[in-house]
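Novice: The structure that follows is given in the form of structure tokens.
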Amino acid sequence: SVLLSALMLAALLLVPAAAAQTDPYASLKEGVGYLAIGDSFTRGYGAGTEWEDHIYLNDTYGNYECRNVSGSYPNLVAEAFGLDAPEDIRDTSAKLWPLAHDAVSTAYILDLLGIDDGYRDEEFTYDKSYMIERYDTDLKYFGDPLSYAPDGASLYGETGEVMSVRDMVKNASLITIGLGQTDVIYKAQIFGFNTLDLSDTSTIPAGIANILSMLYNYFNYWKGAYPLLLDYIKENNPDARVILVGTLNPIKDATLNDDVSIKIGSLINFIMDTMNAFTKQCALKYGYTYIDITDVDTPASVTTMSLGHILSISDATEYALIAHPTPHGYEQIAEKIIAAVEKDLAKEQSTGLKAVFAAIVEWFKSLFAKLAGVFGKIG
């Protein structure tokens, strides 16, 4: 009995020491590592100084799209977990793969994966020349023979010079998905909000009603497409750690104009709440983790701003920044993801240690029984 207790105590003291010597984030580095799927929020628009670098902005399209953005939440998450994140995302030594661009919709990702689902973004992805160029860049470096071309035909050709997007999904250990902002909010902004004439007050009610109708229709379209991506991931990489990043209303605190303090921007909160509720429901259904980002900083939340002021901004980059988190806002998103992953890892480690302890106890019980038998025979 004394011998058994001594051996068990020694084993229990050795287990934590052995665990401390291992990399706590090793599981996140398995396969291709971390895959970040999303739009400009995931891309990190406005997160780093790159957006102020004219050389960076005027770089060739393909090279520009294939650069990591410092300060983006995928980069911050990768840094926290010790995942290699080269500046050029075509570097195959990477353990961070940001499949994220400005104005990317869920249908864009589904087509890149070659999922035959009937969801195509004809009015945006395949109508805007810069989006077609962006999609062609993704096909060139990360496409798959099953990916769809902009004309809707399956490629069955030579694509994916760096890695197939399908292999990327199948071999990722950590996946974050930040889709929906383009599908619903950005489209309503482009086709509705940007046409709103605040100088003619008689047209404002009809203009707002039109925007609300757009939001509802775009939401229903996204609601049908989004689960198809989750189905694909669940089927092809059931063991991946997947985090669904919610959406936010970047102008929720914006007033009508400088003279009217009513926060008219909050009128679209209902659609954000509906989208986030659906995303959270999907997380529960698929066994994934949901991250709420409704409270992160945006330009309109940290500075008093009116819709009149926003619509009067002539600089395209400054205008676009209004619709995105601030650099600190991106840090807040990263912190939420890091905390969720840390919690999940701690839970797994606790479960693993309990299993180890149980195995050790059983092993020593077996050993003691054999020793007792031996001593019994000797006696």
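Ordering of the structure tokens sets the chain letters (A, B, ...); residue numbers start at 1 within each chain; ligands are numbered from 1 in the order shown.
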Using only C-alpha atoms, determine which residues lie at most 8 Å from stretch 232-244 of chain A, disregarding the query and same-chain residues fewer than 6 positions distant; provide the list as a CSV table (one decimal) with N, CA and C atoms, in the first residue's frame.
Specialist:
chain,number,residue,atom,x,y,z
A,169,VAL,N,-9.3,23.7,-46.7
A,169,VAL,CA,-10.4,23.5,-45.8
A,169,VAL,C,-10.2,22.2,-45.1
A,170,LYS,N,-9.9,21.1,-45.9
A,170,LYS,CA,-9.8,19.8,-45.3
A,170,LYS,C,-8.7,19.6,-44.3
A,171,ASN,N,-7.6,20.4,-44.4
A,171,ASN,CA,-6.4,20.2,-43.6
A,171,ASN,C,-6.2,21.3,-42.5
A,172,ALA,N,-7.2,22.2,-42.4
A,172,ALA,CA,-7.0,23.3,-41.4
A,172,ALA,C,-7.3,22.8,-40.0
A,173,SER,N,-6.6,23.2,-39.0
A,173,SER,CA,-6.9,22.8,-37.6
A,173,SER,C,-7.8,23.9,-36.9
A,174,LEU,N,-7.6,25.1,-37.4
A,174,LEU,CA,-8.5,26.2,-36.8
A,174,LEU,C,-9.0,27.0,-38.0
A,175,ILE,N,-10.4,27.2,-38.0
A,175,ILE,CA,-11.0,27.9,-39.1
A,175,ILE,C,-11.9,29.0,-38.5
A,176,THR,N,-11.7,30.2,-38.9
A,176,THR,CA,-12.7,31.3,-38.5
A,176,THR,C,-13.4,31.7,-39.8
A,177,ILE,N,-14.7,32.0,-39.6
A,177,ILE,CA,-15.6,32.4,-40.8
A,177,ILE,C,-16.2,33.7,-40.4
A,178,GLY,N,-15.9,34.7,-41.2
A,178,GLY,CA,-16.5,36.0,-41.0
A,178,GLY,C,-17.2,36.5,-42.3
A,279,THR,N,-26.5,33.2,-36.9
A,279,THR,CA,-25.1,32.7,-36.9
A,279,THR,C,-24.9,31.9,-35.6
A,280,LYS,N,-25.4,32.4,-34.5
A,280,LYS,CA,-25.3,31.7,-33.2
A,280,LYS,C,-26.1,30.4,-33.2
A,283,ALA,N,-23.9,27.9,-35.0
A,283,ALA,CA,-22.9,27.5,-34.1
A,283,ALA,C,-23.3,26.3,-33.2
A,286,TYR,N,-24.0,23.1,-35.4
A,286,TYR,CA,-22.8,22.4,-36.0
A,286,TYR,C,-21.7,22.1,-34.9
A,288,TYR,N,-20.0,24.5,-33.3
A,288,TYR,CA,-19.0,25.4,-33.4
A,288,TYR,C,-19.1,26.5,-32.4
A,289,THR,N,-18.2,27.5,-32.4
A,289,THR,CA,-18.2,28.6,-31.4
A,289,THR,C,-18.6,29.8,-32.1
A,290,TYR,N,-19.4,30.6,-31.4
A,290,TYR,CA,-19.9,31.9,-32.0
A,290,TYR,C,-19.2,33.0,-31.2
A,291,ILE,N,-18.8,34.1,-32.0
A,291,ILE,CA,-18.1,35.2,-31.4
A,291,ILE,C,-19.0,36.5,-31.7
A,337,ILE,N,-11.5,36.0,-30.1
A,337,ILE,CA,-11.2,34.7,-30.7
A,337,ILE,C,-10.2,33.9,-29.9
Novice: Have a look at atom CA of A:Asn276 and atom CA of A:Gln181 and let me know their distance in Å, one decimal.
Specialist: 10.8 Å
Novice: Report, in Å with one decimal, the straight-line distance from atom CA of A:Ile251 to atom CA of A:Glu65.
Specialist: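 Separation of atom CA of A:Ile251 and atom CA of A:Glu65: 26.7 Å.
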Novice: Please compute the atom CA of A:Met214-atom CA of A:Asp121 distance, one decimal, in Å.
Specialist: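 So the answer is 14.9 Å.
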Novice: Measuring between only C-alpha atoms, which one of A:Met163, A:Leu321, A:Ile132, A:Ile115 shows the shortest distance to A:Leu146?
Specialist: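 Using only C-alpha atoms, A:Leu146 sits closest to A:Ile115.
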Novice: So which residues touch A:His324 within 7 Å, counting only C-alpha atoms, skipping near sequence neighbours fewer than 4 positions away, as number ranges by chain?
Specialist: A: 41, 45, 250, 298
Novice: With all heavy atoms retained, write the just-selected residues as a PDB file, in the first residue's frame.
Specialist:
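As a result, out_15.pdb now contains:
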ATOM      1  N   PHE A  41     -13.630  42.634 -43.330  1.00  0.00           N
ATOM      2  CA  PHE A  41     -13.430  42.618 -41.880  1.00  0.00           C
ATOM      3  C   PHE A  41     -12.316  41.630 -41.530  1.00  0.00           C
ATOM      4  O   PHE A  41     -11.480  41.893 -40.668  1.00  0.00           O
ATOM      5  CB  PHE A  41     -14.722  42.214 -41.163  1.00  0.00           C
ATOM      6  CG  PHE A  41     -15.677  43.341 -40.933  1.00  0.00           C
ATOM      7  CD1 PHE A  41     -15.886  44.314 -41.901  1.00  0.00           C
ATOM      8  CD2 PHE A  41     -16.390  43.447 -39.749  1.00  0.00           C
ATOM      9  CE1 PHE A  41     -16.770  45.357 -41.700  1.00  0.00           C
ATOM     10  CE2 PHE A  41     -17.280  44.484 -39.533  1.00  0.00           C
ATOM     11  CZ  PHE A  41     -17.477  45.439 -40.514  1.00  0.00           C
ATOM     12  N   TYR A  45      -9.336  45.561 -43.352  1.00  0.00           N
ATOM     13  CA  TYR A  45      -9.337  46.877 -43.987  1.00  0.00           C
ATOM     14  C   TYR A  45      -9.240  47.970 -42.922  1.00  0.00           C
ATOM     15  O   TYR A  45     -10.094  48.086 -42.061  1.00  0.00           O
ATOM     16  CB  TYR A  45     -10.618  47.067 -44.808  1.00  0.00           C
ATOM     17  CG  TYR A  45     -10.553  48.246 -45.748  1.00  0.00           C
ATOM     18  CD1 TYR A  45     -10.121  48.090 -47.056  1.00  0.00           C
ATOM     19  CD2 TYR A  45     -10.904  49.520 -45.324  1.00  0.00           C
ATOM     20  CE1 TYR A  45     -10.043  49.176 -47.916  1.00  0.00           C
ATOM     21  CE2 TYR A  45     -10.822  50.607 -46.165  1.00  0.00           C
ATOM     22  CZ  TYR A  45     -10.391  50.427 -47.475  1.00  0.00           C
ATOM     23  OH  TYR A  45     -10.313  51.499 -48.313  1.00  0.00           O
ATOM     24  N   PRO A 250     -21.657  49.128 -38.262  1.00  0.00           N
ATOM     25  CA  PRO A 250     -20.595  50.115 -38.053  1.00  0.00           C
ATOM     26  C   PRO A 250     -21.090  51.550 -37.886  1.00  0.00           C
ATOM     27  O   PRO A 250     -20.352  52.409 -37.431  1.00  0.00           O
ATOM     28  CB  PRO A 250     -19.732  49.972 -39.312  1.00  0.00           C
ATOM     29  CG  PRO A 250     -20.674  49.474 -40.345  1.00  0.00           C
ATOM     30  CD  PRO A 250     -21.626  48.573 -39.623  1.00  0.00           C
ATOM     31  N   THR A 298     -15.723  51.163 -33.885  1.00  0.00           N
ATOM     32  CA  THR A 298     -15.741  51.584 -35.283  1.00  0.00           C
ATOM     33  C   THR A 298     -15.570  53.100 -35.295  1.00  0.00           C
ATOM     34  O   THR A 298     -15.777  53.756 -34.263  1.00  0.00           O
ATOM     35  CB  THR A 298     -17.069  51.226 -35.974  1.00  0.00           C
ATOM     36  OG1 THR A 298     -18.126  51.985 -35.374  1.00  0.00           O
ATOM     37  CG2 THR A 298     -17.374  49.741 -35.852  1.00  0.00           C
TER      38      THR A 298
END
Novice: From the list A:Thr294, A:Ser164, A:Thr106, A:Asn75, which residue is nearest A:Tyr226 when using only C-alpha atoms?
Specialist: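 Of all the options, A:Thr106 lies closest to A:Tyr226.
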Novice: Hey, what's within 12 Å of A:Asp84 if we count only C-alpha atoms and toss same-chain stuff fewer than 2 positions away? As a ChimeraX atom specification, please?
Specialist: /A:28-29,32-34,68,74-82,86-89,91-97
Novice: Go ahead and save the picked residues with N, CA and C atoms, as an mmCIF file, in the first residue's frame.
Specialist:
data_model
loop_
_atom_site.group_PDB
_atom_site.id
_atom_site.type_symbol
_atom_site.label_atom_id
_atom_site.label_comp_id
_atom_site.auth_asym_id
_atom_site.auth_seq_id
_atom_site.Cartn_x
_atom_site.Cartn_y
_atom_site.Cartn_z
ATOM 1 N N LEU A 28 -2.953 23.559 -32.995
ATOM 2 C CA LEU A 28 -3.363 24.586 -33.950
ATOM 3 C C LEU A 28 -2.428 24.660 -35.148
ATOM 4 N N LYS A 29 -1.285 24.015 -35.041
ATOM 5 C CA LYS A 29 -0.282 24.056 -36.113
ATOM 6 C C LYS A 29 -0.312 22.818 -36.983
ATOM 7 N N VAL A 32 -2.490 22.540 -42.306
ATOM 8 C CA VAL A 32 -2.132 23.860 -42.840
ATOM 9 C C VAL A 32 -2.234 24.943 -41.773
ATOM 10 N N GLY A 33 -2.726 24.582 -40.570
ATOM 11 C CA GLY A 33 -2.823 25.563 -39.492
ATOM 12 C C GLY A 33 -4.155 26.286 -39.460
ATOM 13 N N TYR A 34 -4.103 27.589 -39.546
ATOM 14 C CA TYR A 34 -5.270 28.456 -39.357
ATOM 15 C C TYR A 34 -5.755 29.003 -40.691
ATOM 16 N N ASN A 68 -0.383 39.714 -46.435
ATOM 17 C CA ASN A 68 -1.024 39.775 -45.136
ATOM 18 C C ASN A 68 -1.142 41.228 -44.699
ATOM 19 N N PRO A 74 -6.896 38.035 -38.064
ATOM 20 C CA PRO A 74 -6.208 36.753 -38.281
ATOM 21 C C PRO A 74 -4.720 36.830 -37.944
ATOM 22 N N ASN A 75 -4.068 37.952 -38.304
ATOM 23 C CA ASN A 75 -2.654 38.104 -37.994
ATOM 24 C C ASN A 75 -2.414 38.154 -36.489
ATOM 25 N N LEU A 76 -3.283 38.865 -35.782
ATOM 26 C CA LEU A 76 -3.142 38.984 -34.329
ATOM 27 C C LEU A 76 -3.363 37.641 -33.646
ATOM 28 N N VAL A 77 -4.325 36.871 -34.141
ATOM 29 C CA VAL A 77 -4.586 35.536 -33.594
ATOM 30 C C VAL A 77 -3.388 34.622 -33.859
ATOM 31 N N ALA A 78 -2.870 34.684 -35.096
ATOM 32 C CA ALA A 78 -1.710 33.857 -35.447
ATOM 33 C C ALA A 78 -0.516 34.193 -34.565
ATOM 34 N N GLU A 79 -0.302 35.466 -34.326
ATOM 35 C CA GLU A 79 0.811 35.904 -33.483
ATOM 36 C C GLU A 79 0.662 35.372 -32.068
ATOM 37 N N ALA A 80 -0.552 35.417 -31.539
ATOM 38 C CA ALA A 80 -0.794 34.957 -30.165
ATOM 39 C C ALA A 80 -0.516 33.466 -30.002
ATOM 40 N N PHE A 81 -0.760 32.691 -31.056
ATOM 41 C CA PHE A 81 -0.599 31.244 -30.968
ATOM 42 C C PHE A 81 0.702 30.741 -31.599
ATOM 43 N N GLY A 82 1.568 31.678 -32.000
ATOM 44 C CA GLY A 82 2.853 31.284 -32.560
ATOM 45 C C GLY A 82 2.761 30.630 -33.926
ATOM 46 N N PRO A 86 3.731 34.670 -42.865
ATOM 47 C CA PRO A 86 4.583 35.456 -43.767
ATOM 48 C C PRO A 86 3.806 36.590 -44.413
ATOM 49 N N GLU A 87 4.518 37.639 -44.824
ATOM 50 C CA GLU A 87 3.850 38.773 -45.467
ATOM 51 C C GLU A 87 3.128 38.324 -46.734
ATOM 52 N N ASP A 88 3.741 37.428 -47.481
ATOM 53 C CA ASP A 88 3.140 36.906 -48.706
ATOM 54 C C ASP A 88 2.386 35.627 -48.368
ATOM 55 N N ILE A 89 1.072 35.644 -48.548
ATOM 56 C CA ILE A 89 0.276 34.482 -48.147
ATOM 57 C C ILE A 89 0.458 33.301 -49.094
ATOM 58 N N ASP A 91 3.314 31.983 -49.449
ATOM 59 C CA ASP A 91 4.452 31.288 -48.856
ATOM 60 C C ASP A 91 3.945 29.991 -48.222
ATOM 61 N N THR A 92 4.382 28.867 -48.749
ATOM 62 C CA THR A 92 3.848 27.579 -48.292
ATOM 63 C C THR A 92 4.312 27.174 -46.902
ATOM 64 N N SER A 93 5.228 27.954 -46.302
ATOM 65 C CA SER A 93 5.634 27.666 -44.917
ATOM 66 C C SER A 93 4.629 28.221 -43.924
ATOM 67 N N ALA A 94 3.642 28.955 -44.421
ATOM 68 C CA ALA A 94 2.673 29.635 -43.558
ATOM 69 C C ALA A 94 1.819 28.656 -42.756
ATOM 70 N N LYS A 95 1.417 29.106 -41.579
ATOM 71 C CA LYS A 95 0.424 28.416 -40.776
ATOM 72 C C LYS A 95 -0.798 29.313 -40.585
ATOM 73 N N LEU A 96 -0.842 30.395 -41.359
ATOM 74 C CA LEU A 96 -2.015 31.270 -41.443
ATOM 75 C C LEU A 96 -2.341 31.436 -42.915
ATOM 76 N N TRP A 97 -3.586 31.130 -43.276
ATOM 77 C CA TRP A 97 -4.045 31.270 -44.661
ATOM 78 C C TRP A 97 -5.297 32.137 -44.671
#
